[in-house]
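See below for upload39.txt, which holds compact mmCIF, C-alpha atoms and all ligand atoms.
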# COMPACT_ATOMS: atom_id res chain seq x y z
CA MET A 1 -91.13 -14.42 -91.26
CA LEU A 2 -88.43 -17.05 -91.73
CA PRO A 3 -88.54 -20.53 -90.19
CA CYS A 4 -86.04 -21.23 -87.40
CA GLN A 5 -82.53 -21.70 -88.84
CA ARG A 6 -80.97 -23.36 -85.80
CA HIS A 7 -79.86 -26.37 -87.86
CA LEU A 8 -77.27 -24.13 -89.55
CA PHE A 9 -75.62 -23.41 -86.18
CA ASP A 10 -73.91 -25.52 -83.56
CA ILE A 11 -76.15 -24.56 -80.61
CA PRO A 12 -77.00 -27.33 -78.10
CA GLU A 13 -80.73 -27.93 -77.54
CA ASP A 14 -80.61 -26.73 -73.92
CA VAL A 15 -78.97 -23.37 -74.71
CA ALA A 16 -81.25 -20.34 -75.09
CA TYR A 17 -78.82 -17.87 -76.65
CA LEU A 18 -80.59 -14.50 -76.88
CA ASN A 19 -77.43 -12.41 -77.04
CA CYS A 20 -76.52 -11.65 -80.66
CA ALA A 21 -75.69 -8.06 -79.68
CA TYR A 22 -72.87 -9.49 -77.55
CA MET A 23 -71.60 -11.65 -80.37
CA SER A 24 -73.32 -13.91 -82.87
CA PRO A 25 -72.53 -17.60 -83.02
CA LEU A 26 -70.75 -18.54 -86.24
CA MET A 27 -72.73 -20.71 -88.64
CA ARG A 28 -71.30 -24.15 -89.36
CA SER A 29 -70.63 -23.06 -92.96
CA VAL A 30 -68.73 -20.00 -91.72
CA VAL A 31 -66.61 -22.10 -89.34
CA GLU A 32 -65.81 -24.47 -92.24
CA GLU A 33 -64.79 -21.54 -94.43
CA GLY A 34 -62.59 -20.18 -91.62
CA ASN A 35 -60.99 -23.58 -91.00
CA ARG A 36 -60.25 -23.91 -94.71
CA GLY A 37 -58.74 -20.44 -94.56
CA VAL A 38 -56.45 -21.26 -91.64
CA ALA A 39 -55.36 -24.50 -93.33
CA ARG A 40 -54.47 -22.59 -96.49
CA LYS A 41 -51.31 -21.30 -94.83
CA ALA A 42 -50.05 -24.85 -94.33
CA HIS A 43 -49.26 -24.57 -98.07
CA PRO A 44 -48.08 -21.00 -98.55
CA TRP A 45 -46.81 -21.78 -102.04
CA GLU A 46 -50.47 -22.04 -103.04
CA ILE A 47 -51.17 -18.51 -101.77
CA THR A 48 -50.19 -16.75 -104.97
CA PRO A 49 -49.98 -12.92 -105.09
CA ASP A 50 -53.37 -12.61 -106.83
CA LYS A 51 -54.97 -14.16 -103.70
CA PHE A 52 -54.01 -11.03 -101.75
CA PHE A 53 -56.61 -9.23 -103.87
CA THR A 54 -59.34 -11.68 -104.92
CA GLY A 55 -60.61 -12.53 -101.41
CA ALA A 56 -60.55 -8.88 -100.38
CA GLU A 57 -62.50 -7.84 -103.48
CA GLU A 58 -65.08 -10.55 -102.88
CA PHE A 59 -65.62 -9.31 -99.34
CA ARG A 60 -65.79 -5.69 -100.55
CA THR A 61 -68.33 -6.49 -103.26
CA THR A 62 -70.54 -8.54 -100.93
CA ALA A 63 -70.41 -5.89 -98.20
CA ALA A 64 -71.21 -3.19 -100.75
CA GLN A 65 -74.33 -5.08 -101.92
CA LEU A 66 -75.55 -5.20 -98.34
CA ILE A 67 -75.54 -1.41 -97.99
CA GLY A 68 -76.45 -0.38 -101.54
CA ALA A 69 -72.95 0.91 -102.32
CA THR A 70 -70.30 0.04 -104.89
CA ALA A 71 -67.21 -1.97 -103.95
CA ASP A 72 -65.15 1.17 -104.56
CA CYS A 73 -66.71 2.75 -101.46
CA VAL A 74 -65.85 -0.05 -99.03
CA ALA A 75 -62.66 -0.33 -96.99
CA ILE A 76 -61.70 -3.38 -94.94
CA VAL A 77 -61.10 -2.56 -91.28
CA PRO A 78 -60.54 -4.62 -88.12
CA SER A 79 -63.02 -2.86 -85.84
CA ALA A 80 -65.57 -0.11 -85.44
CA SER A 81 -62.94 1.98 -83.66
CA TYR A 82 -60.64 1.82 -86.69
CA GLY A 83 -63.41 3.11 -88.95
CA ILE A 84 -64.26 5.93 -86.56
CA ALA A 85 -60.56 6.82 -86.30
CA THR A 86 -60.44 7.06 -90.11
CA ALA A 87 -63.41 9.42 -90.12
CA ALA A 88 -61.98 11.53 -87.28
CA LEU A 89 -58.68 11.89 -89.14
CA ASN A 90 -60.35 13.24 -92.26
CA LEU A 91 -63.32 15.37 -91.25
CA PRO A 92 -62.77 19.08 -90.72
CA VAL A 93 -63.81 20.62 -87.37
CA ARG A 94 -63.17 24.22 -86.43
CA LYS A 95 -62.76 25.89 -83.07
CA GLY A 96 -66.16 26.60 -81.53
CA GLN A 97 -68.02 24.01 -83.59
CA ARG A 98 -69.78 21.02 -82.07
CA ILE A 99 -69.55 17.26 -82.50
CA LEU A 100 -72.78 15.41 -81.77
CA VAL A 101 -73.04 12.07 -79.96
CA LEU A 102 -75.88 10.37 -78.05
CA ASP A 103 -76.16 9.94 -74.31
CA GLU A 104 -74.61 6.57 -73.31
CA GLN A 105 -73.14 6.12 -76.79
CA PHE A 106 -70.79 3.16 -77.26
CA PRO A 107 -67.22 4.15 -76.23
CA SER A 108 -65.66 3.38 -79.66
CA ASN A 109 -67.90 6.12 -81.08
CA TYR A 110 -67.36 8.52 -78.17
CA TYR A 111 -63.68 8.69 -77.17
CA PRO A 112 -62.35 9.59 -80.65
CA TRP A 113 -64.74 12.53 -80.82
CA GLN A 114 -63.95 13.65 -77.30
CA ARG A 115 -60.26 13.68 -78.27
CA LEU A 116 -60.88 15.44 -81.59
CA ALA A 117 -63.03 18.11 -79.89
CA GLU A 118 -60.25 18.71 -77.34
CA ASP A 119 -57.59 18.93 -80.07
CA ARG A 120 -59.56 21.39 -82.21
CA GLY A 121 -61.16 23.58 -79.53
CA ALA A 122 -64.59 22.19 -80.44
CA THR A 123 -67.17 20.88 -77.98
CA LEU A 124 -68.78 17.51 -77.64
CA SER A 125 -72.54 17.95 -77.64
CA ILE A 126 -74.42 15.05 -76.05
CA VAL A 127 -77.99 14.39 -77.15
CA PRO A 128 -79.89 13.93 -73.86
CA TRP A 129 -81.75 10.68 -73.17
CA PRO A 130 -85.31 11.37 -74.43
CA ASP A 131 -88.06 10.83 -71.83
CA ASP A 132 -90.43 9.71 -74.58
CA GLY A 133 -87.85 7.30 -76.08
CA ASP A 134 -87.65 9.21 -79.39
CA TRP A 135 -83.94 9.47 -80.19
CA THR A 136 -84.59 10.85 -83.68
CA VAL A 137 -86.46 13.91 -82.45
CA ALA A 138 -83.95 14.34 -79.60
CA ALA A 139 -81.04 14.36 -82.08
CA LEU A 140 -82.82 16.66 -84.55
CA LYS A 141 -83.46 19.16 -81.73
CA VAL A 142 -79.75 19.71 -81.15
CA LEU A 143 -78.59 19.41 -84.76
CA ARG A 144 -77.86 22.95 -86.02
CA ASP A 145 -75.42 24.56 -88.44
CA ASP A 146 -72.64 24.76 -85.83
CA VAL A 147 -72.47 20.96 -85.69
CA ALA A 148 -69.47 19.88 -87.77
CA ILE A 149 -69.97 16.14 -87.26
CA ALA A 150 -72.88 14.00 -86.11
CA ALA A 151 -71.44 10.68 -84.93
CA LEU A 152 -74.39 8.39 -84.43
CA PRO A 153 -75.64 4.80 -84.47
CA ASN A 154 -78.81 3.41 -86.08
CA VAL A 155 -79.68 1.84 -82.71
CA GLN A 156 -78.79 3.38 -79.36
CA TRP A 157 -77.15 0.42 -77.66
CA THR A 158 -78.41 0.70 -74.05
CA SER A 159 -82.05 1.43 -74.91
CA GLY A 160 -82.61 -0.28 -78.25
CA GLY A 161 -84.01 3.04 -79.49
CA ARG A 162 -83.95 3.37 -83.29
CA LEU A 163 -82.85 6.52 -85.08
CA ASP A 164 -84.46 7.49 -88.35
CA LEU A 165 -81.26 7.97 -90.32
CA VAL A 166 -83.02 9.16 -93.46
CA ARG A 167 -84.43 12.17 -91.58
CA ILE A 168 -81.14 12.73 -89.76
CA GLY A 169 -79.20 12.46 -93.04
CA ASP A 170 -81.49 15.11 -94.59
CA ALA A 171 -80.93 17.45 -91.65
CA CYS A 172 -77.16 16.92 -91.79
CA ARG A 173 -77.07 17.91 -95.46
CA LYS A 174 -79.17 21.00 -94.72
CA PHE A 175 -76.75 22.12 -91.98
CA GLY A 176 -73.53 21.08 -93.74
CA THR A 177 -72.88 18.51 -91.00
CA ALA A 178 -70.79 15.42 -91.75
CA LEU A 179 -72.59 12.19 -90.79
CA VAL A 180 -70.56 9.32 -89.31
CA LEU A 181 -72.36 6.10 -88.44
CA ASP A 182 -71.51 3.17 -86.23
CA LEU A 183 -73.81 0.44 -87.54
CA THR A 184 -72.34 -2.37 -85.43
CA GLN A 185 -75.58 -3.01 -83.55
CA SER A 186 -77.83 -2.84 -86.58
CA LEU A 187 -76.26 -3.73 -89.93
CA GLY A 188 -77.41 -7.22 -90.91
CA ALA A 189 -80.56 -7.03 -88.78
CA LEU A 190 -82.03 -3.70 -89.85
CA PRO A 191 -82.29 -2.61 -93.50
CA PHE A 192 -79.86 0.19 -94.35
CA ASN A 193 -79.00 1.84 -97.64
CA VAL A 194 -76.30 4.47 -98.17
CA ARG A 195 -78.24 5.98 -101.07
CA GLU A 196 -81.12 6.85 -98.73
CA VAL A 197 -79.05 8.05 -95.77
CA GLN A 198 -75.98 9.46 -97.57
CA PRO A 199 -73.51 9.21 -94.68
CA ASP A 200 -69.93 10.44 -95.04
CA PHE A 201 -68.52 7.39 -93.25
CA ALA A 202 -70.31 4.30 -91.91
CA VAL A 203 -68.64 1.43 -90.12
CA ALA A 204 -69.77 -1.94 -88.78
CA ALA A 205 -67.81 -4.58 -86.91
CA ASN A 206 -68.65 -8.02 -88.35
CA TYR A 207 -68.87 -10.14 -85.23
CA LYS A 208 -72.39 -9.28 -84.12
CA TRP A 209 -75.27 -8.90 -86.60
CA LEU A 210 -73.05 -9.55 -89.62
CA MET A 211 -72.39 -12.99 -88.09
CA GLY A 212 -68.73 -13.02 -89.06
CA PRO A 213 -65.48 -13.54 -87.15
CA TYR A 214 -64.01 -11.11 -84.64
CA THR A 215 -61.49 -8.51 -85.94
CA THR A 216 -63.12 -7.94 -89.30
CA GLY A 217 -65.34 -5.05 -90.32
CA LEU A 218 -66.44 -2.87 -93.18
CA LEU A 219 -66.13 0.85 -93.60
CA TYR A 220 -68.23 2.75 -96.12
CA VAL A 221 -66.56 5.92 -97.34
CA ALA A 222 -68.53 8.38 -99.47
CA PRO A 223 -66.81 9.27 -102.77
CA LYS A 224 -66.12 12.85 -101.61
CA TRP A 225 -63.66 11.46 -99.02
CA HIS A 226 -61.80 9.09 -101.35
CA GLY A 227 -58.87 11.47 -101.53
CA GLY A 228 -58.26 11.48 -97.77
CA ARG A 229 -55.55 10.24 -95.44
CA PRO A 230 -55.52 6.66 -94.11
CA VAL A 231 -54.86 5.85 -90.45
CA GLU A 232 -51.82 3.82 -91.53
CA GLU A 233 -49.63 3.91 -94.62
CA ASN A 234 -49.18 0.35 -95.81
CA TRP A 235 -47.99 -1.25 -99.04
CA ILE A 236 -51.24 -2.86 -100.15
CA GLN A 237 -53.17 0.43 -100.22
CA ARG A 238 -50.85 1.75 -102.92
CA ALA A 239 -51.46 1.74 -106.65
CA ASN A 240 -48.43 -0.49 -107.39
CA ALA A 241 -49.31 -3.21 -104.82
CA ARG A 242 -50.11 -5.89 -107.41
CA ASP A 243 -46.51 -6.00 -108.63
CA PHE A 244 -44.68 -7.55 -105.67
CA ALA A 245 -41.28 -7.28 -107.32
CA ALA A 246 -41.63 -3.52 -107.73
CA LEU A 247 -42.96 -2.53 -104.30
CA ILE A 248 -39.84 -0.53 -103.56
CA LEU A 249 -40.59 1.74 -106.51
CA TYR A 250 -42.38 3.91 -103.97
CA THR A 251 -45.39 5.73 -105.26
CA ASP A 252 -47.59 8.54 -103.98
CA LYS A 253 -50.59 7.00 -105.69
CA TYR A 254 -53.11 4.95 -103.74
CA ASP A 255 -55.32 2.14 -105.01
CA ASP A 256 -58.79 3.18 -106.18
CA GLY A 257 -61.63 4.49 -104.06
CA ALA A 258 -61.87 3.61 -100.38
CA ARG A 259 -59.14 0.93 -100.69
CA ARG A 260 -56.60 3.47 -99.42
CA TYR A 261 -58.28 3.11 -95.99
CA ASP A 262 -57.80 -0.68 -95.81
CA MET A 263 -55.96 -1.89 -92.72
CA GLY A 264 -52.56 -3.57 -93.01
CA GLU A 265 -52.82 -7.32 -93.72
CA ARG A 266 -56.38 -6.81 -94.86
CA SER A 267 -56.07 -9.87 -97.13
CA ASN A 268 -56.61 -12.07 -94.04
CA PHE A 269 -56.81 -15.51 -95.70
CA ALA A 270 -58.55 -17.14 -92.75
CA LEU A 271 -61.12 -14.63 -91.59
CA LEU A 272 -62.17 -12.71 -94.71
CA PRO A 273 -63.60 -15.71 -96.61
CA ALA A 274 -65.51 -16.64 -93.44
CA ALA A 275 -66.85 -13.09 -93.12
CA THR A 276 -67.89 -13.10 -96.78
CA ARG A 277 -69.68 -16.44 -96.36
CA ALA A 278 -71.70 -15.00 -93.47
CA LEU A 279 -72.64 -11.87 -95.45
CA LYS A 280 -73.86 -14.02 -98.35
CA GLN A 281 -76.09 -16.05 -96.04
CA LEU A 282 -77.57 -12.84 -94.59
CA GLN A 283 -78.38 -11.70 -98.10
CA ASP A 284 -79.96 -15.06 -98.94
CA TRP A 285 -82.22 -14.73 -95.91
CA GLY A 286 -82.95 -11.05 -96.58
CA ILE A 287 -82.33 -8.32 -94.00
CA ALA A 288 -85.98 -7.26 -93.79
CA GLU A 289 -86.94 -10.90 -93.14
CA ILE A 290 -84.30 -11.23 -90.40
CA SER A 291 -85.58 -8.03 -88.82
CA GLY A 292 -89.19 -9.20 -89.01
CA THR A 293 -88.44 -12.64 -87.57
CA ALA A 294 -86.29 -11.44 -84.64
CA GLY A 295 -88.80 -8.63 -84.17
CA ALA A 296 -91.72 -11.04 -83.80
CA LEU A 297 -89.90 -12.91 -81.01
CA ASN A 298 -89.14 -9.63 -79.22
CA ARG A 299 -92.69 -8.34 -79.67
CA GLN A 300 -94.05 -11.44 -77.97
CA LEU A 301 -91.48 -11.10 -75.18
CA ALA A 302 -92.18 -7.39 -74.66
CA LEU A 303 -95.93 -8.07 -74.28
CA MET A 304 -95.47 -10.89 -71.78
CA ALA A 305 -92.70 -9.11 -69.86
CA ALA A 306 -94.91 -6.01 -69.48
CA GLU A 307 -97.43 -8.14 -67.57
CA ILE A 308 -94.78 -8.85 -64.91
CA GLY A 309 -93.43 -5.30 -64.59
CA PHE A 310 -90.71 -5.02 -67.27
CA SER A 311 -91.11 -2.04 -69.58
CA SER A 312 -89.57 -1.44 -73.00
CA PRO A 313 -89.61 1.43 -75.48
CA PRO A 314 -92.72 1.69 -77.67
CA GLU A 315 -92.46 -0.57 -80.69
CA HIS A 316 -92.39 2.22 -83.28
CA LEU A 317 -89.37 3.81 -81.55
CA ARG A 318 -87.19 0.75 -81.06
CA ALA A 319 -85.25 -1.55 -83.34
CA PRO A 320 -87.18 -4.82 -83.79
CA HIS A 321 -84.13 -7.04 -83.18
CA TYR A 322 -82.96 -5.25 -80.05
CA LEU A 323 -85.15 -5.26 -76.94
CA CYS A 324 -84.11 -3.54 -73.72
CA LEU A 325 -86.24 -4.38 -70.69
CA ARG A 326 -86.28 -2.15 -67.62
CA ARG A 327 -87.96 -2.45 -64.27
CA LYS A 328 -88.85 0.14 -61.61
CA ALA A 329 -87.23 -1.96 -58.89
CA GLY A 330 -84.06 -2.20 -61.01
CA ILE A 331 -82.23 -5.23 -62.34
CA PRO A 332 -80.93 -7.61 -59.66
CA GLU A 333 -77.14 -7.74 -59.31
CA GLY A 334 -75.54 -10.66 -61.16
CA LEU A 335 -78.67 -11.30 -63.23
CA SER A 336 -76.88 -12.34 -66.42
CA GLU A 337 -74.73 -14.82 -64.45
CA THR A 338 -77.83 -16.26 -62.75
CA LEU A 339 -79.52 -16.70 -66.11
CA ALA A 340 -76.36 -18.17 -67.64
CA SER A 341 -76.35 -20.84 -64.91
CA GLN A 342 -79.74 -21.87 -66.34
CA LYS A 343 -78.30 -21.71 -69.87
CA VAL A 344 -80.30 -18.64 -70.78
CA PHE A 345 -78.02 -15.98 -72.23
CA VAL A 346 -78.75 -12.23 -72.37
CA SER A 347 -76.73 -9.13 -71.42
CA VAL A 348 -77.25 -6.35 -68.92
CA ARG A 349 -76.27 -2.95 -70.35
CA GLY A 350 -76.81 0.22 -68.34
CA SER A 351 -80.01 -0.44 -66.39
CA SER A 352 -81.57 -2.71 -69.03
CA ILE A 353 -81.74 -6.41 -69.73
CA ARG A 354 -80.80 -6.60 -73.39
CA VAL A 355 -82.48 -9.36 -75.37
CA THR A 356 -81.24 -9.83 -78.90
CA PRO A 357 -82.54 -12.93 -80.70
CA HIS A 358 -81.72 -14.16 -84.20
CA LEU A 359 -82.93 -16.80 -86.60
CA TYR A 360 -81.53 -19.64 -84.45
CA ASN A 361 -84.00 -18.73 -81.67
CA SER A 362 -87.52 -20.05 -81.25
CA ALA A 363 -90.53 -19.18 -79.12
CA ASN A 364 -89.25 -21.83 -76.71
CA ASP A 365 -86.07 -19.78 -75.99
CA VAL A 366 -88.20 -16.73 -75.28
CA GLU A 367 -90.45 -18.78 -72.99
CA ARG A 368 -87.41 -19.96 -71.01
CA LEU A 369 -86.27 -16.37 -70.51
CA LEU A 370 -89.77 -15.38 -69.44
CA ALA A 371 -89.82 -18.18 -66.88
CA CYS A 372 -86.62 -16.73 -65.37
CA LEU A 373 -88.04 -13.19 -65.39
CA ARG A 374 -91.18 -14.43 -63.62
CA GLN A 375 -88.97 -15.81 -60.85
CA ILE A 376 -87.38 -12.37 -60.43
CA ALA A 377 -90.71 -10.60 -60.51
CA GLY A 378 -92.13 -12.86 -57.78
CA PRO A 379 -95.82 -13.58 -57.20
C1 LIG B 1 -72.47 0.06 -80.74
C2 LIG B 1 -71.18 -0.69 -80.79
N1 LIG B 1 -70.20 -0.26 -81.59
C3 LIG B 1 -69.03 -0.90 -81.68
C4 LIG B 1 -68.78 -2.03 -80.92
C5 LIG B 1 -67.45 -2.72 -81.06
O1 LIG B 1 -66.43 -1.76 -81.17
P1 LIG B 1 -64.98 -2.15 -81.65
O2 LIG B 1 -65.14 -2.81 -82.97
O3 LIG B 1 -64.29 -0.85 -81.71
O4 LIG B 1 -64.40 -3.09 -80.62
C6 LIG B 1 -69.76 -2.51 -80.05
C7 LIG B 1 -69.51 -3.67 -79.19
O5 LIG B 1 -70.25 -4.00 -78.27
C8 LIG B 1 -71.00 -1.82 -79.99
O6 LIG B 1 -71.99 -2.25 -79.19
Turn this file's structure into structure tokens for me.
Amino acid sequence: MLPCQRHLFDIPEDVAYLNCAYMSPLMRSVVEEGNRGVARKAHPWEITPDKFFTGAEEFRTTAAQLIGATADCVAIVPSASYGIATAALNLPVRKGQRILVLDEQFPSNYYPWQRLAEDRGATLSIVPWPDDGDWTVAALKVLRDDVAIAALPNVQWTSGGRLDLVRIGDACRKFGTALVLDLTQSLGALPFNVREVQPDFAVAANYKWLMGPYTTGLLYVAPKWHGGRPVEENWIQRANARDFAALILYTDKYDDGARRYDMGERSNFALLPAATRALKQLQDWGIAEISGTAGALNRQLALMAAEIGFSSPPEHLRAPHYLCLRRKAGIPEGLSETLASQKVFVSVRGSSIRVTPHLYNSANDVERLLACLRQIAGP
């Protein structure tokens, strides 16, 4: 358990922000890093060619440490969708095979597979919502050797249900299924290691649990896919990119490892240093500690909310940082706006109230949400 870290953020006393899954607030130190980055371009003569590479490599190395990979396996992408598009462009799928997604999966990890299935004469196979809340068993039931790709998250985003990716990774290897992960709602708040799960591709947008700026993200690419085709062909992915004077000596060779999948203008002098700063702070705190601390707040909330008629998935089947509350009578229309007017911030996704605290929250924030829920529940 970590003590409350609110002093590192610019969150007014009367704001109960329990909505990290929507987007995290930036830490003061991250804002400062970003401001310094924007100001850098006031003096472009100081942005020497080596700076196109050093900041990117620092981000890559820091991101790699977070997932137990090497920097060579990390590409810099603007969004989860870009990472999924990269995977979809490179993974083989034959006519008659299946691509696996979860019920109510996030659209960025659904549409590309729907399109790919259509293009290749494959079918999209949707893991049905499990009555018992166990997404791992539900996914394993439909995973067979005709599944070419399993495109999954670590946390199903409308239920908060957690998938055991180690077991799923094992099953994928047994069936020869490629594993593609969207970790946007988990990386930074739930421990994850590529050596244990062995995905083919894994992407995370930075602006939620990685506490970085919008339009930055990381893509893990397993070594077996390092020879693939990038979504775009840009100059900085190529092997000769460090010699600016010789860029027109076109080359077929790409830079090493996953760097060939970097997006254009990946050297982003404003946002990348800010994203790196945030990743370093997460590592200083420790991901297991973040998970435990956010989890303790949610555990308390789940217990109290149950007493007034809000149910949530059993603790062993949900992600600690991500609590989805449901109610037989349903969620009143405009609930998140009503709460926002009282400066209590959560999201409604599907038929759940999604509560996603972080280290800037305290028991007091949870108590304020509970007070609002009690009003809804009535006497
Ligand atoms: C599970 C999940 N994946 C991805 C994203 C963001 O996708 P993108 O980076 O493509 O905008 C979100 C945003 O809410 C999300 O919840």
Stretch 108-120 of chain A surroundings by only C-alpha atoms, 10 Å radius, close-in-sequence under 5 positions cut, as a PyMOL selection string: chain A and resi 79-89+91-103+125-126+149-153+180-182
Around ligand LIG 1 (chain B), out to 9 Å and counting all atoms listed in the file, which residues are there? I want them as a compact mmCIF listing (two decimals) with C-alpha atoms, in the coordinates of the input.
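This went into selection10.txt:
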# COMPACT_ATOMS: atom_id res chain seq x y z
CA ALA A 21 -75.69 -8.06 -79.68
CA TYR A 22 -72.87 -9.49 -77.55
CA MET A 23 -71.60 -11.65 -80.37
CA PRO A 78 -60.54 -4.62 -88.12
CA SER A 79 -63.02 -2.86 -85.84
CA ALA A 80 -65.57 -0.11 -85.44
CA SER A 81 -62.94 1.98 -83.66
CA TYR A 82 -60.64 1.82 -86.69
CA GLY A 83 -63.41 3.11 -88.95
CA ILE A 84 -64.26 5.93 -86.56
CA GLN A 105 -73.14 6.12 -76.79
CA PHE A 106 -70.79 3.16 -77.26
CA PRO A 107 -67.22 4.15 -76.23
CA SER A 108 -65.66 3.38 -79.66
CA ASN A 109 -67.90 6.12 -81.08
CA PRO A 153 -75.64 4.80 -84.47
CA ASN A 154 -78.81 3.41 -86.08
CA VAL A 155 -79.68 1.84 -82.71
CA GLN A 156 -78.79 3.38 -79.36
CA TRP A 157 -77.15 0.42 -77.66
CA THR A 158 -78.41 0.70 -74.05
CA ASP A 182 -71.51 3.17 -86.23
CA LEU A 183 -73.81 0.44 -87.54
CA THR A 184 -72.34 -2.37 -85.43
CA GLN A 185 -75.58 -3.01 -83.55
CA SER A 186 -77.83 -2.84 -86.58
CA VAL A 203 -68.64 1.43 -90.12
CA ALA A 204 -69.77 -1.94 -88.78
CA ALA A 205 -67.81 -4.58 -86.91
CA ASN A 206 -68.65 -8.02 -88.35
CA TYR A 207 -68.87 -10.14 -85.23
CA LYS A 208 -72.39 -9.28 -84.12
CA TYR A 214 -64.01 -11.11 -84.64
CA THR A 215 -61.49 -8.51 -85.94
CA THR A 216 -63.12 -7.94 -89.30
CA GLY A 217 -65.34 -5.05 -90.32
Atomic separation - atom CA of A:His358 relative to atom CA of A:Leu297, Å: 8.9 Å
Six-sided padding of 5 Å per side, axis-aligned box over stretch 322-328 of chain A, centre and edges in Å, one decimal, as lines of an AutoDock Vina configuration file:
center_x = -85.9
center_y = -2.6
center_z = -70.8
size_x = 15.9
size_y = 15.4
size_z = 28.4
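Nearest residue to A:Ile290 among A:Ile353, A:His321, A:Gly212, A:Lys224 is A:His321, counting only C-alpha atoms.
Minimum atom-to-atom distances from A:Arg277, A:Arg167, A:His7, A:Arg259 to A:Val31 were compared using all atoms listed in the file, and the lowest value belongs to A:Arg277.
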Residue among A:Gln375, A:Asn364, A:Ser267, A:Ser311 lying closest to A:Gly133, counting only C-alpha atoms: A:Ser311
Shortest interatomic distance to A:Ser312 - which of A:Leu26, A:Val355, A:Leu271, A:Leu140, counting all atoms listed in the file: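 Using all atoms listed in the file, the shortest distance to A:Ser312 belongs to A:Val355.
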Given all atoms listed in the file as the counted atoms, nearest of A:Arg349, A:Lys141, A:Arg266, A:Lys280 to A:Glu57: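 Distance minimum relative to A:Glu57 lands on A:Arg266.
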A:Met304 environment, 9 Å, all atoms listed in the file, sequence neighbours closer than 5 positions dropped, as a list in words: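 So the residues in contact are Arg299, Phe310 and Leu370 of chain A.
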What are the nearest atom pairs, with distances in Å to one decimal, for all residues of stretch 59-162 of chain A that come at most 6 Å from stretch 219-222 of chain A, using only C-alpha atoms, set out by chain and rising residue number as a Markdown table?
| residue | atom | partner | partner_atom | distance |
| --- | --- | --- | --- | --- |
| A:Cys73 | CA | A:Val221 | CA | 5.2 |
| A:Val74 | CA | A:Tyr220 | CA | 4.7 |
| A:Ala75 | CA | A:Leu219 | CA | 5.0 |
| A:Gly83 | CA | A:Leu219 | CA | 5.8 |
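With only C-alpha atoms as the basis for measurement, A:Ala63 is the residue among A:Ala63, A:Ala294, A:Leu272, A:Val77 that approaches A:Phe192 most closely.
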Atom-to-atom span, atom CA of A:Val346 and atom CA of A:Ser291, Å: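 One can read the atom CA of A:Val346 to atom CA of A:Ser291 distance as 18.3 Å.
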Separation of atom CA of A:Leu2 from atom CA of A:Pro320, in Å and rounded to one decimal: 14.6 Å
Selection near A:Ala42, 12 Å with all atoms listed in the file, sequence-local residues under 6 positions removed, as a PyMOL selection string: chain A and resi 35-36+269-270
